2 protein chains.
Amino acid sequence: MTRPKNDTFLRALLREPVEYTPVWLMRQAGRYLPEYCETRRRAGNFMNLCKSPSMACEVTLQPLARFELDAAILFSDILTVPDAMGLGLYFAEGEGPKFERPLREEWEIRALAPPDPYDHLRYVMDAVKEIRKALDNSVPLIGFSGSPFTLACYMIEGGASDDFRRVKTMLYDRPDLLHHVLDVTTRSVISYLNAQIESGAQAVMIFDTWGGALSHRAYREFSLAYLQRIVAGLTKEHDGERVPSIVFTKGGGLWLEDIAAIGCDAVGLDWTSSLAESRRRVADRVSLQGNLDPIALFASPEAIAAEARRVVDDFHSAGPGGGHVFNLGHGISQFTPPQNVSALVNAVHEYSRQFHRS
Amino acid sequence: MTRPKNDTFLRALLREPVEYTPVWLMRQAGRYLPEYCETRRRAGNFMNLCKSPSMACEVTLQPLARFELDAAILFSDILTVPDAMGLGLYFAEGEGPKFERPLREEWEIRALAPPDPYDHLRYVMDAVKEIRKALDNSVPLIGFSGSPFTLACYMIEGGASDDFRRVKTMLYDRPDLLHHVLDVTTRSVISYLNAQIESGAQAVMIFDTWGGALSHRAYREFSLAYLQRIVAGLTKEHDGERVPSIVFTKGGGLWLEDIAAIGCDAVGLDWTSSLAESRRRVADRVSLQGNLDPIALFASPEAIAAEARRVVDDFHSAGPGGGHVFNLGHGISQFTPPQNVSALVNAVHEYSRQFHRS
């Protein structure tokens with residue numbers, strides 16, 4: 001049994017009583033921190049940073065040294081799985097992630113196979129182990145993966161896209177082919193996340209960054225069905241502790257009831273949803289994670305604290321109980337002034353205590 | 001009384017009986033048409049095209065010559081109003097719209113004043129009149145404007161933005177200043193749309209392209225409240241006919257009940273919403289416009305027709321009645337093969353007749 005000393009985050013995910021609302025931030029180890037930029041410079045490039053367990057461990061811990069965060073998240077990239085499938089992930093300066101060998105031909109798709117997470121993705125498992133050791137049971141470590149649909153977007157488009165023309169044309173014209181990509185990717189993500197859990201991840205999150213670009217009908221068939229398979233395939237308990245799962249479809253607020261029904265412990269929400277209304281819609285059957293607009297972090301410390309309090313108030317206005325993990329509704333902007341994150345974390349911790357007195 | 005010969009679109013907006021589901025496409029006069037590109041080349045640049053009533057008329061009619069569309073929409077830009085306020089709209093090649101003098105200082109904001117639509121925007125009114133004459137009462141002409149929040153985004157950012165950092169920082173830190181921008185812009189949009197109606201527009205649409213980037217709370221305060229003021233200020237009848245209004249907040253599906261309650265006749269929806277569920281949520285108090293994923297138009301004609309039928313089925317699966325205008329959930333992509341639009345329009349017209357037999 002290795003519950004961390006501060007297990008507030010895990011308790012909130014499992015809807016157990018907490019003393020205050022736990023907080024962590026998507027992309028909390030990232031470019032807004034000068035010490036991160038320094039380590040990345042040392043690594044030479046982003047992939048070297050991802051693939052070095054000791055440097056991944058170093059940047060994972062950086063935000064925890066600055067802010068009173070209630071969880072650490074493995075530093076890695078959502079595209080490690082397709083990279084391990086042989087697509088050749090690289091980062092062109094200022095252009096985001098790209099694949100050297102995107103899926104263009106049917107034979108390339110038919111040749112896809114799930115990678116062994118202890119072989120081609122061993123560097124991730126090594127990073128998880130090293131981070132757990134360095135954390136020394138202070139706060140829980142979150143493992144993560146991209147969702148099958150989100151991975152398929154990059155694998156088929158070859159990089160970021162503003163209209164998802166290739167993947168959606170396949171969806172409409174060759175749904176069988178896209179389902180094959182999603183099936184192989186789903187099996188890969190299940191074994192990848194279970195290997196992270198085996199290596200020490202105490203909660204896992206699936207980032208469905210692009211599911212919100214789909215139509216309501218296509219979302220259910222091409223993203224949610226695979227998220228459901230993943231959640232069903234996850235190791236539920238490790239080392240005597242429950243390992244909660246969080247599913248986050250950016251822009252998926254309209255589909256909340258369906259997402260909450262797939263068996264995950266928590267659903268991430270962006271800032272377009274009201275947490276109070278969301279709690280009512282899911283009848284507190286899952287915890288909710290979110291949902292401050294990351295751009296609020298560009299305001300004054302007073303305005304940031306006021307916005308943070310509004311998010312906490314929103315959640316608790318739906319009544320007592322429920323599970324809430326405070327987060328942004330999207331990754332923190334690289335241009336965020338770091339001191340503004342302190343204002344946010346402190347406001348959430350201080351203000352939320354009143355709602356958790358028994 | 002000047003009801004057009006084909007008034008199916010107007011009847012659907014007013015939830016009167018129709019023989020088939022009318023269809024038009026956002027950005028139907030645009031770059032996917034070679035004849036549009038030819039006229040634009042002749043104009044020299046986009047602003048010349050907007051500001052020439054005869055060329056604006058020419059491109060407005062181009063898609064109607066190709067496809068059996070049930071409405072024409074004024075060819076213009078959503079940013080004509082801030083241009084008329086003196087901000088200096090221009091289009092940098094491949095970069096989208098920009099302002100020479102974006103709002104940066106408080107004094108610039110305090111100096112804003114609504115433009116006289118018959119003076120600085122006279123070219124728009126002249127285009128409306130010329131198009132009405134050329135249409136010769138065949139199909140209705142839609143006038144339009146950007147929403148105050150969407151205009152404010154461009155006015156404050158100075159161009160397109162992927163995070164709206166400037167306008168949102170003002171929203172969080174100086175809400176009074178942003179409200180001032182929105183108030184002046186709202187008064188401008190009301191007189192602009194009423195001048196379009198006076199000049200011959202038979203329906204009006206307000207494009208709230210960026211409202212969906214706001215938090216649920218900020219949307220109500222900084223976008224919807226102003227949309228409501230506009231709808232309240234619109235001329236409701238002209239030339240003996242009702243002039244219906246359509247409000248479209250891209251990404252606003254979560255807020256549908258609130259949008260439907262502001263007094264507009266129809267609400268535009270993107271493809272993330274189910275039309276059946278949306279009809280139930282608004283209890284058919286408004287018509288719905290939408291909502292095919294524009295990227296479906298890259299599929300085969302058979303797949304396009306199947307997707308179009310699914311949208312029509314979705315709407316009618318909620319029961320008889322209601323008002324539906326078929327459209328895309330966003331503007332048509334410039335890369336769309338024009339012949340695919342024929343497949344779409346024909347499928348909607350043919351397939352929908354069965355639902356409209358009395």
# chains A, B, ... in the order shown; residues from 1 in each chain; ligands from 1

call {"tool": "interface_residues", "arguments": {"of": "chain A", "to": "chain B", "cutoff": "9 Å", "atoms": "only C-alpha atoms", "output": "ChimeraX atom specification"}}
result
/A:163-166,168-173,212-217,219,251-255,270-274,291-293,295-300,302-304,307,333

call {"tool": "write_last_selection", "arguments": {"atoms": "C-alpha atoms", "output": "CSV table (one decimal), in the first residue's frame"}}
result
chain,number,residue,atom,x,y,z
A,163,ASP,CA,-9.9,20.9,-40.6
A,164,PHE,CA,-8.9,17.2,-40.3
A,165,ARG,CA,-9.6,16.8,-44.0
A,166,ARG,CA,-7.7,13.5,-44.4
A,168,LYS,CA,-12.6,12.8,-41.9
A,169,THR,CA,-12.6,11.9,-45.6
A,170,MET,CA,-11.5,8.4,-44.5
A,171,LEU,CA,-14.2,8.5,-41.8
A,172,TYR,CA,-16.9,9.3,-44.4
A,173,ASP,CA,-15.6,7.2,-47.3
A,212,GLY,CA,-14.7,17.6,-30.2
A,213,ALA,CA,-14.1,18.1,-33.9
A,214,LEU,CA,-16.4,15.3,-34.8
A,215,SER,CA,-20.1,15.3,-35.4
A,216,HIS,CA,-22.3,14.1,-32.5
A,217,ARG,CA,-22.9,10.8,-34.4
A,219,TYR,CA,-18.0,11.1,-32.0
A,251,GLY,CA,-15.2,20.4,-26.7
A,252,GLY,CA,-17.3,17.4,-25.5
A,253,GLY,CA,-19.5,19.1,-23.0
A,254,LEU,CA,-22.6,18.4,-25.1
A,255,TRP,CA,-21.9,14.6,-24.8
A,270,ASP,CA,-13.4,22.7,-20.7
A,271,TRP,CA,-14.7,26.1,-19.7
A,272,THR,CA,-17.7,26.1,-21.9
A,273,SER,CA,-19.5,23.8,-19.4
A,274,SER,CA,-21.0,24.9,-16.1
A,291,ASN,CA,-12.5,24.0,-15.8
A,292,LEU,CA,-10.9,27.5,-15.7
A,293,ASP,CA,-10.2,29.2,-19.1
A,295,ILE,CA,-6.4,32.6,-20.6
A,296,ALA,CA,-7.7,33.8,-17.3
A,297,LEU,CA,-4.1,33.3,-16.1
A,298,PHE,CA,-3.1,36.5,-18.0
A,299,ALA,CA,-5.3,38.7,-15.8
A,300,SER,CA,-4.2,40.3,-12.5
A,302,GLU,CA,-6.9,39.5,-8.0
A,303,ALA,CA,-8.9,38.7,-11.1
A,304,ILE,CA,-7.4,35.2,-11.3
A,307,GLU,CA,-12.3,33.5,-11.5
A,333,SER,CA,-0.4,28.7,-22.3

call {"tool": "residues_around", "arguments": {"residues": "A:Pro53", "least_positions_apart": "2", "cutoff": "9 Å", "atoms": "only C-alpha atoms", "output": "list in words"}}
result
Leu49, Cys50, Lys51, Met55, Ala56, Cys57, Glu58, Tyr123, Val124, Met125, Asp126, Ala127, Val128, Lys129, Glu130 and Ile131 of chain A

call {"tool": "select_by_dssp", "arguments": {"residues": "stretch 264-334 of chain B", "states": "strand (DSSP E or B)", "output": "list of chain:residue names"}}
result
B:Ala266, B:Val267, B:Gly268, B:Ser287, B:Leu288, B:Gln289, B:Gly290, B:Asn291, B:Leu292, B:His324, B:Val325, B:Phe326, B:Asn327, B:Leu328

call {"tool": "residues_around", "arguments": {"residues": "B:Leu121", "least_positions_apart": "3", "cutoff": "12 Å", "atoms": "only C-alpha atoms", "output": "PDB file with N, CA and C atoms, in the first residue's frame"}}
result
ATOM      1  N   CYS B  50     -15.481  43.463 -52.019  1.00  0.00           N
ATOM      2  CA  CYS B  50     -16.537  43.812 -51.056  1.00  0.00           C
ATOM      3  C   CYS B  50     -17.136  45.185 -51.359  1.00  0.00           C
ATOM      4  N   LYS B  51     -16.277  46.118 -51.729  1.00  0.00           N
ATOM      5  CA  LYS B  51     -16.716  47.505 -51.830  1.00  0.00           C
ATOM      6  C   LYS B  51     -17.309  47.852 -53.197  1.00  0.00           C
ATOM      7  N   SER B  52     -17.274  46.908 -54.140  1.00  0.00           N
ATOM      8  CA  SER B  52     -17.900  47.150 -55.437  1.00  0.00           C
ATOM      9  C   SER B  52     -19.273  46.491 -55.481  1.00  0.00           C
ATOM     10  N   PRO B  53     -20.355  47.254 -55.436  1.00  0.00           N
ATOM     11  CA  PRO B  53     -21.692  46.643 -55.446  1.00  0.00           C
ATOM     12  C   PRO B  53     -21.907  45.732 -56.647  1.00  0.00           C
ATOM     13  N   SER B  76     -20.275  39.872 -48.553  1.00  0.00           N
ATOM     14  CA  SER B  76     -19.607  40.959 -47.847  1.00  0.00           C
ATOM     15  C   SER B  76     -18.690  40.331 -46.823  1.00  0.00           C
ATOM     16  N   ASP B  77     -18.136  41.121 -45.930  1.00  0.00           N
ATOM     17  CA  ASP B  77     -17.268  40.578 -44.886  1.00  0.00           C
ATOM     18  C   ASP B  77     -17.891  40.889 -43.532  1.00  0.00           C
ATOM     19  N   LEU B  79     -16.405  42.041 -41.114  1.00  0.00           N
ATOM     20  CA  LEU B  79     -15.675  43.124 -40.446  1.00  0.00           C
ATOM     21  C   LEU B  79     -15.888  44.496 -41.079  1.00  0.00           C
ATOM     22  N   THR B  80     -16.929  44.632 -41.893  1.00  0.00           N
ATOM     23  CA  THR B  80     -17.196  45.939 -42.513  1.00  0.00           C
ATOM     24  C   THR B  80     -17.516  47.010 -41.475  1.00  0.00           C
ATOM     25  N   VAL B  81     -18.183  46.605 -40.373  1.00  0.00           N
ATOM     26  CA  VAL B  81     -18.577  47.605 -39.370  1.00  0.00           C
ATOM     27  C   VAL B  81     -17.358  48.235 -38.687  1.00  0.00           C
ATOM     28  N   PRO B  82     -16.444  47.426 -38.114  1.00  0.00           N
ATOM     29  CA  PRO B  82     -15.248  48.075 -37.534  1.00  0.00           C
ATOM     30  C   PRO B  82     -14.410  48.819 -38.576  1.00  0.00           C
ATOM     31  N   ASP B  83     -14.422  48.357 -39.821  1.00  0.00           N
ATOM     32  CA  ASP B  83     -13.722  49.112 -40.869  1.00  0.00           C
ATOM     33  C   ASP B  83     -14.341  50.505 -41.000  1.00  0.00           C
ATOM     34  N   ALA B  84     -15.684  50.539 -40.986  1.00  0.00           N
ATOM     35  CA  ALA B  84     -16.378  51.834 -41.096  1.00  0.00           C
ATOM     36  C   ALA B  84     -16.173  52.694 -39.852  1.00  0.00           C
ATOM     37  N   MET B  85     -15.781  52.078 -38.734  1.00  0.00           N
ATOM     38  CA  MET B  85     -15.456  52.831 -37.516  1.00  0.00           C
ATOM     39  C   MET B  85     -14.058  53.441 -37.599  1.00  0.00           C
ATOM     40  N   GLY B  86     -13.335  53.095 -38.666  1.00  0.00           N
ATOM     41  CA  GLY B  86     -12.022  53.709 -38.860  1.00  0.00           C
ATOM     42  C   GLY B  86     -10.834  52.827 -38.506  1.00  0.00           C
ATOM     43  N   PRO B 114     -20.559  54.688 -33.409  1.00  0.00           N
ATOM     44  CA  PRO B 114     -21.239  53.901 -34.450  1.00  0.00           C
ATOM     45  C   PRO B 114     -21.205  54.629 -35.788  1.00  0.00           C
ATOM     46  N   PRO B 115     -20.861  53.934 -36.862  1.00  0.00           N
ATOM     47  CA  PRO B 115     -20.841  54.576 -38.182  1.00  0.00           C
ATOM     48  C   PRO B 115     -22.262  54.700 -38.745  1.00  0.00           C
ATOM     49  N   ASP B 116     -22.472  55.709 -39.572  1.00  0.00           N
ATOM     50  CA  ASP B 116     -23.762  55.844 -40.275  1.00  0.00           C
ATOM     51  C   ASP B 116     -23.781  54.812 -41.406  1.00  0.00           C
ATOM     52  N   PRO B 117     -24.706  53.850 -41.352  1.00  0.00           N
ATOM     53  CA  PRO B 117     -24.667  52.782 -42.366  1.00  0.00           C
ATOM     54  C   PRO B 117     -24.937  53.293 -43.783  1.00  0.00           C
ATOM     55  N   TYR B 118     -25.582  54.449 -43.896  1.00  0.00           N
ATOM     56  CA  TYR B 118     -25.868  54.969 -45.240  1.00  0.00           C
ATOM     57  C   TYR B 118     -24.732  55.843 -45.752  1.00  0.00           C
ATOM     58  N   VAL B 124     -22.431  48.655 -49.022  1.00  0.00           N
ATOM     59  CA  VAL B 124     -23.163  47.432 -48.662  1.00  0.00           C
ATOM     60  C   VAL B 124     -24.642  47.577 -49.050  1.00  0.00           C
ATOM     61  N   MET B 125     -25.206  48.740 -48.733  1.00  0.00           N
ATOM     62  CA  MET B 125     -26.620  48.956 -49.055  1.00  0.00           C
ATOM     63  C   MET B 125     -26.837  48.956 -50.579  1.00  0.00           C
ATOM     64  N   ASP B 126     -25.892  49.537 -51.289  1.00  0.00           N
ATOM     65  CA  ASP B 126     -25.986  49.527 -52.757  1.00  0.00           C
ATOM     66  C   ASP B 126     -25.915  48.094 -53.291  1.00  0.00           C
ATOM     67  N   ALA B 127     -25.062  47.277 -52.663  1.00  0.00           N
ATOM     68  CA  ALA B 127     -24.965  45.879 -53.100  1.00  0.00           C
ATOM     69  C   ALA B 127     -26.289  45.161 -52.825  1.00  0.00           C
ATOM     70  N   VAL B 128     -26.863  45.376 -51.645  1.00  0.00           N
ATOM     71  CA  VAL B 128     -28.144  44.732 -51.308  1.00  0.00           C
ATOM     72  C   VAL B 128     -29.194  45.073 -52.369  1.00  0.00           C
ATOM     73  N   SER B 188     -24.023  49.834 -33.445  1.00  0.00           N
ATOM     74  CA  SER B 188     -23.627  49.879 -34.864  1.00  0.00           C
ATOM     75  C   SER B 188     -24.271  48.740 -35.645  1.00  0.00           C
ATOM     76  N   VAL B 189     -24.257  47.543 -35.056  1.00  0.00           N
ATOM     77  CA  VAL B 189     -24.797  46.373 -35.761  1.00  0.00           C
ATOM     78  C   VAL B 189     -26.303  46.520 -35.954  1.00  0.00           C
ATOM     79  N   SER B 191     -28.062  49.304 -36.334  1.00  0.00           N
ATOM     80  CA  SER B 191     -28.405  50.227 -37.431  1.00  0.00           C
ATOM     81  C   SER B 191     -27.923  49.677 -38.781  1.00  0.00           C
ATOM     82  N   TYR B 192     -26.841  48.910 -38.751  1.00  0.00           N
ATOM     83  CA  TYR B 192     -26.310  48.300 -39.986  1.00  0.00           C
ATOM     84  C   TYR B 192     -27.297  47.267 -40.537  1.00  0.00           C
ATOM     85  N   LEU B 193     -27.792  46.381 -39.650  1.00  0.00           N
ATOM     86  CA  LEU B 193     -28.729  45.349 -40.117  1.00  0.00           C
ATOM     87  C   LEU B 193     -30.063  45.970 -40.516  1.00  0.00           C
ATOM     88  N   ALA B 195     -30.488  48.887 -41.776  1.00  0.00           N
ATOM     89  CA  ALA B 195     -30.277  49.522 -43.087  1.00  0.00           C
ATOM     90  C   ALA B 195     -30.281  48.463 -44.189  1.00  0.00           C
ATOM     91  N   GLN B 196     -29.720  47.282 -43.896  1.00  0.00           N
ATOM     92  CA  GLN B 196     -29.761  46.187 -44.885  1.00  0.00           C
ATOM     93  C   GLN B 196     -31.215  45.771 -45.139  1.00  0.00           C
ATOM     94  N   SER B 199     -32.910  48.254 -47.163  1.00  0.00           N
ATOM     95  CA  SER B 199     -32.415  48.204 -48.545  1.00  0.00           C
ATOM     96  C   SER B 199     -32.882  46.961 -49.294  1.00  0.00           C
TER      97      SER B 199
END

call {"tool": "residues_around", "arguments": {"residues": "A:Gln334", "least_positions_apart": "3", "cutoff": "12 Å", "atoms": "only C-alpha atoms", "output": "list in words"}}
result
Met26, Arg27, Gln28, Ala29, Gly30, Arg31, Tyr32, Leu33, Pro34, Tyr36, Cys37, Pro294, Ile295, Leu297, Phe298, His330, Gly331, Pro337 and Pro338 of chain A; Asp163 and Arg165 of chain B

call {"tool": "write_last_selection", "arguments": {"atoms": "C-alpha atoms", "output": "tab-separated table (two decimals), in the first residue's frame"}}
result
chain	number	residue	atom	x	y	z
A	26	MET	CA	-2.69	20.31	-17.75
A	27	ARG	CA	0.80	20.88	-19.23
A	28	GLN	CA	2.02	22.08	-15.80
A	29	ALA	CA	5.54	20.99	-16.75
A	30	GLY	CA	5.98	23.16	-19.78
A	31	ARG	CA	7.36	26.13	-21.62
A	32	TYR	CA	5.91	28.81	-19.33
A	33	LEU	CA	8.57	27.74	-16.78
A	34	PRO	CA	12.08	29.10	-17.47
A	36	TYR	CA	11.73	23.81	-18.22
A	37	CYS	CA	13.10	25.77	-21.17
A	294	PRO	CA	-6.39	29.04	-19.28
A	295	ILE	CA	-6.36	32.60	-20.62
A	297	LEU	CA	-4.12	33.33	-16.09
A	298	PHE	CA	-3.15	36.45	-18.03
A	330	HIS	CA	-7.00	23.09	-21.59
A	331	GLY	CA	-3.21	23.08	-21.27
A	337	PRO	CA	3.53	34.42	-16.18
A	338	PRO	CA	4.55	31.71	-13.64
B	163	ASP	CA	-6.12	32.05	-27.95
B	165	ARG	CA	-5.33	36.57	-25.26

call {"tool": "decode", "arguments": {"residues": "stretch 101-210 of chain B", "atoms": "C-alpha atoms", "output": "short mmCIF file (atom, residue, chain, number, x, y, z; two decimals), in the first residue's frame"}}
result
data_model
loop_
_atom_site.label_atom_id
_atom_site.label_comp_id
_atom_site.auth_asym_id
_atom_site.auth_seq_id
_atom_site.Cartn_x
_atom_site.Cartn_y
_atom_site.Cartn_z
CA ARG B 101 -5.43 50.40 -36.14
CA PRO B 102 -6.54 47.77 -33.61
CA LEU B 103 -7.85 48.97 -30.26
CA ARG B 104 -4.87 49.15 -27.94
CA GLU B 105 -5.36 52.20 -25.73
CA GLU B 106 -8.28 53.22 -23.56
CA TRP B 107 -8.65 56.54 -25.39
CA GLU B 108 -9.04 54.68 -28.69
CA ILE B 109 -11.86 52.66 -27.16
CA ARG B 110 -13.53 55.71 -25.65
CA ALA B 111 -13.38 57.45 -29.05
CA LEU B 112 -15.32 54.67 -30.86
CA ALA B 113 -18.60 55.75 -32.42
CA PRO B 114 -21.24 53.90 -34.45
CA PRO B 115 -20.84 54.58 -38.18
CA ASP B 116 -23.76 55.84 -40.28
CA PRO B 117 -24.67 52.78 -42.37
CA TYR B 118 -25.87 54.97 -45.24
CA ASP B 119 -22.59 56.83 -45.33
CA HIS B 120 -19.49 54.69 -44.64
CA LEU B 121 -21.33 51.44 -45.36
CA ARG B 122 -23.27 52.73 -48.32
CA TYR B 123 -21.48 50.25 -50.60
CA VAL B 124 -23.16 47.43 -48.66
CA MET B 125 -26.62 48.96 -49.06
CA ASP B 126 -25.99 49.53 -52.76
CA ALA B 127 -24.96 45.88 -53.10
CA VAL B 128 -28.14 44.73 -51.31
CA LYS B 129 -30.28 46.78 -53.70
CA GLU B 130 -28.43 45.58 -56.78
CA ILE B 131 -28.63 41.94 -55.69
CA ARG B 132 -32.36 42.20 -54.95
CA LYS B 133 -32.89 43.62 -58.41
CA ALA B 134 -30.81 40.87 -60.03
CA LEU B 135 -32.56 38.13 -58.02
CA ASP B 136 -35.86 39.41 -59.39
CA ASN B 137 -37.77 37.79 -56.51
CA SER B 138 -36.55 34.29 -57.31
CA VAL B 139 -35.18 33.43 -53.83
CA PRO B 140 -34.81 35.50 -50.65
CA LEU B 141 -31.70 37.53 -49.87
CA ILE B 142 -30.06 37.15 -46.46
CA GLY B 143 -28.27 40.11 -44.91
CA PHE B 144 -25.76 39.59 -42.12
CA SER B 145 -23.34 40.97 -39.59
CA GLY B 146 -20.71 39.67 -37.21
CA SER B 147 -21.76 39.58 -33.55
CA PRO B 148 -20.44 42.27 -31.22
CA PHE B 149 -18.16 39.84 -29.36
CA THR B 150 -16.78 38.42 -32.61
CA LEU B 151 -16.15 41.92 -33.96
CA ALA B 152 -14.53 42.92 -30.66
CA CYS B 153 -12.17 39.93 -30.93
CA TYR B 154 -10.81 41.20 -34.22
CA MET B 155 -10.87 44.87 -33.16
CA ILE B 156 -8.85 44.16 -30.02
CA GLU B 157 -6.59 41.35 -31.25
CA GLY B 158 -5.99 43.16 -34.55
CA GLY B 159 -6.61 40.00 -36.55
CA ALA B 160 -7.26 36.30 -36.15
CA SER B 161 -6.07 34.72 -32.91
CA ASP B 162 -5.79 31.19 -31.64
CA ASP B 163 -6.12 32.05 -27.95
CA PHE B 164 -7.84 35.49 -27.83
CA ARG B 165 -5.33 36.57 -25.26
CA ARG B 166 -5.80 40.33 -25.63
CA VAL B 167 -9.59 40.39 -25.68
CA LYS B 168 -9.87 37.87 -22.83
CA THR B 169 -7.31 39.68 -20.70
CA MET B 170 -9.46 42.81 -21.13
CA LEU B 171 -12.54 40.73 -20.28
CA TYR B 172 -11.03 39.52 -17.01
CA ASP B 173 -9.13 42.67 -16.03
CA ARG B 174 -11.17 45.52 -17.52
CA PRO B 175 -14.70 44.24 -18.14
CA ASP B 176 -15.94 47.85 -18.18
CA LEU B 177 -13.78 48.65 -21.21
CA LEU B 178 -14.84 45.54 -23.10
CA HIS B 179 -18.48 46.32 -22.32
CA HIS B 180 -17.95 49.77 -23.82
CA VAL B 181 -16.58 48.25 -27.05
CA LEU B 182 -19.52 45.84 -27.14
CA ASP B 183 -22.08 48.57 -26.47
CA VAL B 184 -20.87 50.78 -29.33
CA THR B 185 -20.57 47.77 -31.62
CA THR B 186 -24.07 46.58 -30.73
CA ARG B 187 -25.59 49.95 -31.61
CA SER B 188 -23.63 49.88 -34.86
CA VAL B 189 -24.80 46.37 -35.76
CA ILE B 190 -28.44 47.24 -35.10
CA SER B 191 -28.41 50.23 -37.43
CA TYR B 192 -26.31 48.30 -39.99
CA LEU B 193 -28.73 45.35 -40.12
CA ASN B 194 -31.78 47.61 -40.15
CA ALA B 195 -30.28 49.52 -43.09
CA GLN B 196 -29.76 46.19 -44.88
CA ILE B 197 -33.42 45.32 -44.22
CA GLU B 198 -34.51 48.76 -45.40
CA SER B 199 -32.42 48.20 -48.55
CA GLY B 200 -33.99 44.82 -49.26
CA ALA B 201 -32.56 42.03 -47.08
CA GLN B 202 -35.40 39.58 -46.40
CA ALA B 203 -33.82 37.76 -43.46
CA VAL B 204 -30.78 38.55 -41.34
CA MET B 205 -28.16 36.35 -39.74
CA ILE B 206 -25.74 37.24 -36.96
CA PHE B 207 -22.48 35.30 -37.01
CA ASP B 208 -21.08 34.81 -33.53
CA THR B 209 -18.04 32.99 -34.80
CA TRP B 210 -15.98 33.32 -31.62
#
